[in-house]
file run.cif (mmCIF, C-alpha atoms)
data_data
#
loop_
_atom_site.label_atom_id
_atom_site.label_comp_id
_atom_site.auth_asym_id
_atom_site.auth_seq_id
_atom_site.Cartn_x
_atom_site.Cartn_y
_atom_site.Cartn_z
CA MET A 1066 5.33 84.20 -14.12
CA TYR A 1067 4.94 82.26 -17.35
CA SER A 1068 5.11 78.70 -18.57
CA ARG A 1069 6.76 78.16 -21.93
CA THR A 1070 6.38 75.05 -24.05
CA GLN A 1071 8.14 74.25 -27.28
CA ASN A 1072 6.17 73.04 -30.29
CA GLU A 1073 7.34 70.32 -32.69
CA ASN A 1074 8.29 72.96 -35.27
CA GLY A 1075 10.61 74.77 -32.82
CA THR A 1076 8.28 77.66 -31.97
CA TYR A 1077 7.05 78.37 -28.45
CA ASN A 1078 3.78 78.92 -26.62
CA THR A 1079 3.66 80.94 -23.41
CA ARG A 1080 0.97 80.87 -20.75
CA CYS A 1081 0.39 83.16 -17.76
CA LEU A 1082 0.50 81.10 -14.56
CA ASP A 1083 -1.77 83.56 -12.72
CA CYS A 1084 -4.76 83.58 -15.09
CA PHE A 1085 -3.79 80.56 -17.25
CA MET A 1086 -4.33 82.59 -20.43
CA THR A 1087 -2.22 81.65 -23.44
CA VAL A 1088 -0.55 84.96 -24.22
CA GLY A 1089 1.57 83.81 -27.15
CA PHE A 1090 1.60 80.85 -29.51
CA SER A 1091 3.93 79.84 -32.32
CA VAL A 1092 6.44 82.47 -31.19
CA GLU A 1093 9.80 82.03 -32.87
CA THR A 1094 12.34 83.90 -30.71
CA ASP A 1095 13.12 84.48 -27.05
CA VAL A 1096 13.04 88.23 -27.68
CA ASP A 1097 9.48 87.98 -29.02
CA LEU A 1098 8.45 85.82 -26.05
CA ARG A 1099 9.77 88.42 -23.60
CA LEU A 1100 7.96 91.24 -25.44
CA ILE A 1101 4.66 89.36 -25.49
CA GLU A 1102 4.94 88.48 -21.81
CA ALA A 1103 5.88 92.05 -20.87
CA HIS A 1104 2.75 93.40 -22.58
CA HIS A 1105 0.34 90.91 -21.00
CA ILE A 1106 -2.09 92.55 -18.58
CA CYS A 1107 -3.20 89.77 -16.28
CA PRO A 1108 -6.80 90.28 -15.10
CA GLU A 1109 -6.14 88.16 -11.99
CA LYS A 1110 -3.19 90.32 -10.92
CA ALA A 1111 -5.07 93.53 -11.74
CA LEU A 1112 -8.02 92.47 -9.59
CA ALA A 1113 -5.76 91.39 -6.72
CA ASP A 1114 -3.97 94.77 -6.83
CA LEU A 1115 -7.28 96.67 -6.80
CA LEU A 1116 -8.57 94.66 -3.84
CA ALA A 1117 -5.32 95.24 -1.95
CA GLN A 1118 -5.59 98.99 -2.57
CA GLU A 1119 -9.19 98.97 -1.38
CA ARG A 1120 -8.25 97.14 1.83
CA LEU A 1121 -5.50 99.70 2.47
CA ILE A 1122 -7.88 102.62 1.96
CA VAL A 1123 -10.54 101.08 4.19
CA SER A 1124 -8.01 100.37 6.93
CA LYS A 1125 -6.91 104.04 6.90
CA VAL A 1126 -10.48 105.37 6.89
CA LEU A 1127 -11.77 102.95 9.52
CA PRO A 1128 -8.94 102.50 12.03
CA ASN A 1129 -9.34 99.77 14.65
#
call {"tool": "encode", "arguments": {"input": "run.cif", "output": "structure tokens"}}
result
Amino acid sequence: MYSRTQNENGTYNTRCLDCFMTVGFSVETDVDLRLIEAHHICPEKALADLLAQERLIVSKVLPN
């Protein structure tokens, strides 16, 4: 999920709402915004996914 803001000159900035990293600034078109956002690898989401996988593996190895 991203937050987009428009600059005074009509360009846009986009920020990841998971890690709060600015992933694009002074972007001119919606197409460019979507491409930039699609290529962003969020470290917060990546870490959360890894931890979820680890919990799943541990739960299968060490059943209750």
call {"tool": "residues_around", "arguments": {"input": "run.cif", "residues": "region 1092-1095 of chain A", "least_positions_apart": "6", "cutoff": "9 Å", "atoms": "all atoms listed in the file", "output": "list in words"}}
result
Gly1075, Thr1076, Tyr1077, Asn1078 and Thr1079 of chain A
call {"tool": "resolve_selection", "arguments": {"input": "run.cif", "expression": "the PyMOL selection byres ((chain A and resi 1098) around 12)", "output": "NGL selection string"}}
result
:A and (1067-1071 or 1076-1081 or 1087-1097 or 1099-1105)
call {"tool": "atom_distance", "arguments": {"input": "run.cif", "atom1": "CA of Phe1085 (chain A)", "atom2": "CA of Gln1118 (chain A)"}}
result
23.6 Å
call {"tool": "atom_distance", "arguments": {"input": "run.cif", "atom1": "CA of Cys1107 (chain A)", "atom2": "CA of Ile1122 (chain A)"}}
result
22.8 Å
call {"tool": "atom_distance", "arguments": {"input": "run.cif", "atom1": "CA of Pro1108 (chain A)", "atom2": "CA of Asn1072 (chain A)"}}
result
26.4 Å
call {"tool": "axis_aligned_box", "arguments": {"input": "run.cif", "around": "region 1112-1126 of chain A", "padding_each_side": "3 Å", "output": "JSON"}}
result
{"center_x": -7.3, "center_y": 98.4, "center_z": -1.3, "size_x": 12.6, "size_y": 20.0, "size_z": 22.5}
call {"tool": "residues_around", "arguments": {"input": "run.cif", "residues": "Asp1083 (chain A)", "least_positions_apart": "4", "cutoff": "8 Å", "atoms": "all atoms listed in the file", "output": "VMD selection string"}}
result
chain A and resid 1066 1107 1109 to 1110
call {"tool": "decode", "arguments": {"input": "run.cif", "residues": "region 1081-1095 of chain A", "atoms": "all heavy atoms", "output": "PDB file, in the first residue's frame"}}
result
ATOM      1  N   CYS A1081       5.935   4.066   0.672  1.00  0.00           N
ATOM      2  CA  CYS A1081       5.444   2.772   1.143  1.00  0.00           C
ATOM      3  C   CYS A1081       4.890   2.959   2.554  1.00  0.00           C
ATOM      4  O   CYS A1081       5.565   3.507   3.426  1.00  0.00           O
ATOM      5  CB  CYS A1081       6.576   1.750   1.145  1.00  0.00           C
ATOM      6  SG  CYS A1081       6.109   0.151   1.833  1.00  0.00           S
ATOM      7  N   LEU A1082       3.671   2.495   2.786  1.00  0.00           N
ATOM      8  CA  LEU A1082       3.047   2.652   4.092  1.00  0.00           C
ATOM      9  C   LEU A1082       3.440   1.547   5.070  1.00  0.00           C
ATOM     10  O   LEU A1082       3.067   1.598   6.232  1.00  0.00           O
ATOM     11  CB  LEU A1082       1.527   2.730   3.952  1.00  0.00           C
ATOM     12  CG  LEU A1082       1.014   3.979   3.244  1.00  0.00           C
ATOM     13  CD1 LEU A1082      -0.502   3.922   3.104  1.00  0.00           C
ATOM     14  CD2 LEU A1082       1.443   5.239   3.963  1.00  0.00           C
ATOM     15  N   ASP A1083       4.212   0.568   4.618  1.00  0.00           N
ATOM     16  CA  ASP A1083       4.705  -0.476   5.519  1.00  0.00           C
ATOM     17  C   ASP A1083       6.049  -0.083   6.127  1.00  0.00           C
ATOM     18  O   ASP A1083       6.253  -0.210   7.320  1.00  0.00           O
ATOM     19  CB  ASP A1083       4.837  -1.808   4.783  1.00  0.00           C
ATOM     20  CG  ASP A1083       3.481  -2.378   4.426  1.00  0.00           C
ATOM     21  OD1 ASP A1083       2.633  -2.505   5.328  1.00  0.00           O
ATOM     22  OD2 ASP A1083       3.260  -2.685   3.243  1.00  0.00           O
ATOM     23  N   CYS A1084       6.973   0.414   5.285  1.00  0.00           N
ATOM     24  CA  CYS A1084       8.305   0.765   5.792  1.00  0.00           C
ATOM     25  C   CYS A1084       8.548   2.275   5.799  1.00  0.00           C
ATOM     26  O   CYS A1084       9.594   2.730   6.240  1.00  0.00           O
ATOM     27  CB  CYS A1084       9.388   0.071   4.968  1.00  0.00           C
ATOM     28  SG  CYS A1084       9.510   0.625   3.247  1.00  0.00           S
ATOM     29  N   PHE A1085       7.601   3.041   5.281  1.00  0.00           N
ATOM     30  CA  PHE A1085       7.659   4.509   5.222  1.00  0.00           C
ATOM     31  C   PHE A1085       8.811   5.040   4.371  1.00  0.00           C
ATOM     32  O   PHE A1085       9.221   6.187   4.510  1.00  0.00           O
ATOM     33  CB  PHE A1085       7.692   5.128   6.628  1.00  0.00           C
ATOM     34  CG  PHE A1085       6.503   4.734   7.444  1.00  0.00           C
ATOM     35  CD1 PHE A1085       6.629   3.833   8.481  1.00  0.00           C
ATOM     36  CD2 PHE A1085       5.253   5.226   7.136  1.00  0.00           C
ATOM     37  CE1 PHE A1085       5.525   3.445   9.221  1.00  0.00           C
ATOM     38  CE2 PHE A1085       4.141   4.845   7.867  1.00  0.00           C
ATOM     39  CZ  PHE A1085       4.280   3.949   8.916  1.00  0.00           C
ATOM     40  N   MET A1086       9.319   4.205   3.470  1.00  0.00           N
ATOM     41  CA  MET A1086      10.375   4.622   2.556  1.00  0.00           C
ATOM     42  C   MET A1086       9.752   5.364   1.373  1.00  0.00           C
ATOM     43  O   MET A1086       8.723   4.953   0.841  1.00  0.00           O
ATOM     44  CB  MET A1086      11.130   3.394   2.042  1.00  0.00           C
ATOM     45  CG  MET A1086      12.271   3.714   1.099  1.00  0.00           C
ATOM     46  SD  MET A1086      13.057   2.228   0.432  1.00  0.00           S
ATOM     47  CE  MET A1086      13.720   1.514   1.920  1.00  0.00           C
ATOM     48  N   THR A1087      10.358   6.486   0.989  1.00  0.00           N
ATOM     49  CA  THR A1087       9.947   7.163  -0.227  1.00  0.00           C
ATOM     50  C   THR A1087      10.512   6.367  -1.389  1.00  0.00           C
ATOM     51  O   THR A1087      11.724   6.233  -1.524  1.00  0.00           O
ATOM     52  CB  THR A1087      10.452   8.613  -0.267  1.00  0.00           C
ATOM     53  OG1 THR A1087       9.895   9.317   0.848  1.00  0.00           O
ATOM     54  CG2 THR A1087      10.053   9.315  -1.555  1.00  0.00           C
ATOM     55  N   VAL A1088       9.643   5.795  -2.200  1.00  0.00           N
ATOM     56  CA  VAL A1088      10.104   4.932  -3.284  1.00  0.00           C
ATOM     57  C   VAL A1088      10.114   5.643  -4.627  1.00  0.00           C
ATOM     58  O   VAL A1088      10.677   5.127  -5.595  1.00  0.00           O
ATOM     59  CB  VAL A1088       9.275   3.631  -3.360  1.00  0.00           C
ATOM     60  CG1 VAL A1088       9.476   2.798  -2.117  1.00  0.00           C
ATOM     61  CG2 VAL A1088       7.812   3.898  -3.573  1.00  0.00           C
ATOM     62  N   GLY A1089       9.508   6.825  -4.696  1.00  0.00           N
ATOM     63  CA  GLY A1089       9.546   7.606  -5.922  1.00  0.00           C
ATOM     64  C   GLY A1089       9.268   9.060  -5.626  1.00  0.00           C
ATOM     65  O   GLY A1089       8.426   9.382  -4.802  1.00  0.00           O
ATOM     66  N   PHE A1090      10.018   9.949  -6.260  1.00  0.00           N
ATOM     67  CA  PHE A1090       9.765  11.379  -6.083  1.00  0.00           C
ATOM     68  C   PHE A1090       9.896  12.075  -7.424  1.00  0.00           C
ATOM     69  O   PHE A1090      10.645  11.647  -8.299  1.00  0.00           O
ATOM     70  CB  PHE A1090      10.691  12.003  -5.032  1.00  0.00           C
ATOM     71  CG  PHE A1090      12.155  11.857  -5.334  1.00  0.00           C
ATOM     72  CD1 PHE A1090      12.836  12.839  -6.011  1.00  0.00           C
ATOM     73  CD2 PHE A1090      12.845  10.730  -4.938  1.00  0.00           C
ATOM     74  CE1 PHE A1090      14.185  12.705  -6.303  1.00  0.00           C
ATOM     75  CE2 PHE A1090      14.195  10.583  -5.214  1.00  0.00           C
ATOM     76  CZ  PHE A1090      14.863  11.572  -5.905  1.00  0.00           C
ATOM     77  N   SER A1091       9.100  13.101  -7.587  1.00  0.00           N
ATOM     78  CA  SER A1091       9.038  13.870  -8.837  1.00  0.00           C
ATOM     79  C   SER A1091       8.677  12.985 -10.033  1.00  0.00           C
ATOM     80  O   SER A1091       9.198  13.156 -11.123  1.00  0.00           O
ATOM     81  CB  SER A1091      10.357  14.603  -9.095  1.00  0.00           C
ATOM     82  OG  SER A1091      10.578  15.567  -8.081  1.00  0.00           O
ATOM     83  N   VAL A1092       7.779  12.036  -9.805  1.00  0.00           N
ATOM     84  CA  VAL A1092       7.319  11.133 -10.860  1.00  0.00           C
ATOM     85  C   VAL A1092       6.216  11.835 -11.633  1.00  0.00           C
ATOM     86  O   VAL A1092       5.311  12.427 -11.046  1.00  0.00           O
ATOM     87  CB  VAL A1092       6.813   9.803 -10.257  1.00  0.00           C
ATOM     88  CG1 VAL A1092       6.358   8.854 -11.350  1.00  0.00           C
ATOM     89  CG2 VAL A1092       7.898   9.170  -9.397  1.00  0.00           C
ATOM     90  N   GLU A1093       6.280  11.750 -12.955  1.00  0.00           N
ATOM     91  CA  GLU A1093       5.369  12.544 -13.778  1.00  0.00           C
ATOM     92  C   GLU A1093       4.069  11.852 -14.154  1.00  0.00           C
ATOM     93  O   GLU A1093       3.049  12.508 -14.308  1.00  0.00           O
ATOM     94  CB  GLU A1093       6.095  13.012 -15.036  1.00  0.00           C
ATOM     95  CG  GLU A1093       7.222  13.978 -14.722  1.00  0.00           C
ATOM     96  CD  GLU A1093       7.908  14.516 -15.956  1.00  0.00           C
ATOM     97  OE1 GLU A1093       7.491  14.160 -17.083  1.00  0.00           O
ATOM     98  OE2 GLU A1093       8.854  15.295 -15.796  1.00  0.00           O
ATOM     99  N   THR A1094       4.068  10.521 -14.308  1.00  0.00           N
ATOM    100  CA  THR A1094       2.855   9.858 -14.801  1.00  0.00           C
ATOM    101  C   THR A1094       2.400   8.743 -13.861  1.00  0.00           C
ATOM    102  O   THR A1094       3.186   8.184 -13.106  1.00  0.00           O
ATOM    103  CB  THR A1094       3.078   9.242 -16.201  1.00  0.00           C
ATOM    104  OG1 THR A1094       4.005   8.153 -16.076  1.00  0.00           O
ATOM    105  CG2 THR A1094       3.593  10.270 -17.193  1.00  0.00           C
ATOM    106  N   ASP A1095       1.120   8.413 -13.970  1.00  0.00           N
ATOM    107  CA  ASP A1095       0.548   7.328 -13.184  1.00  0.00           C
ATOM    108  C   ASP A1095       1.191   5.999 -13.563  1.00  0.00           C
ATOM    109  O   ASP A1095       1.412   5.141 -12.708  1.00  0.00           O
ATOM    110  CB  ASP A1095      -0.965   7.275 -13.391  1.00  0.00           C
ATOM    111  CG  ASP A1095      -1.637   6.297 -12.469  1.00  0.00           C
ATOM    112  OD1 ASP A1095      -1.449   6.425 -11.234  1.00  0.00           O
ATOM    113  OD2 ASP A1095      -2.331   5.391 -12.965  1.00  0.00           O
TER     114      ASP A1095
END
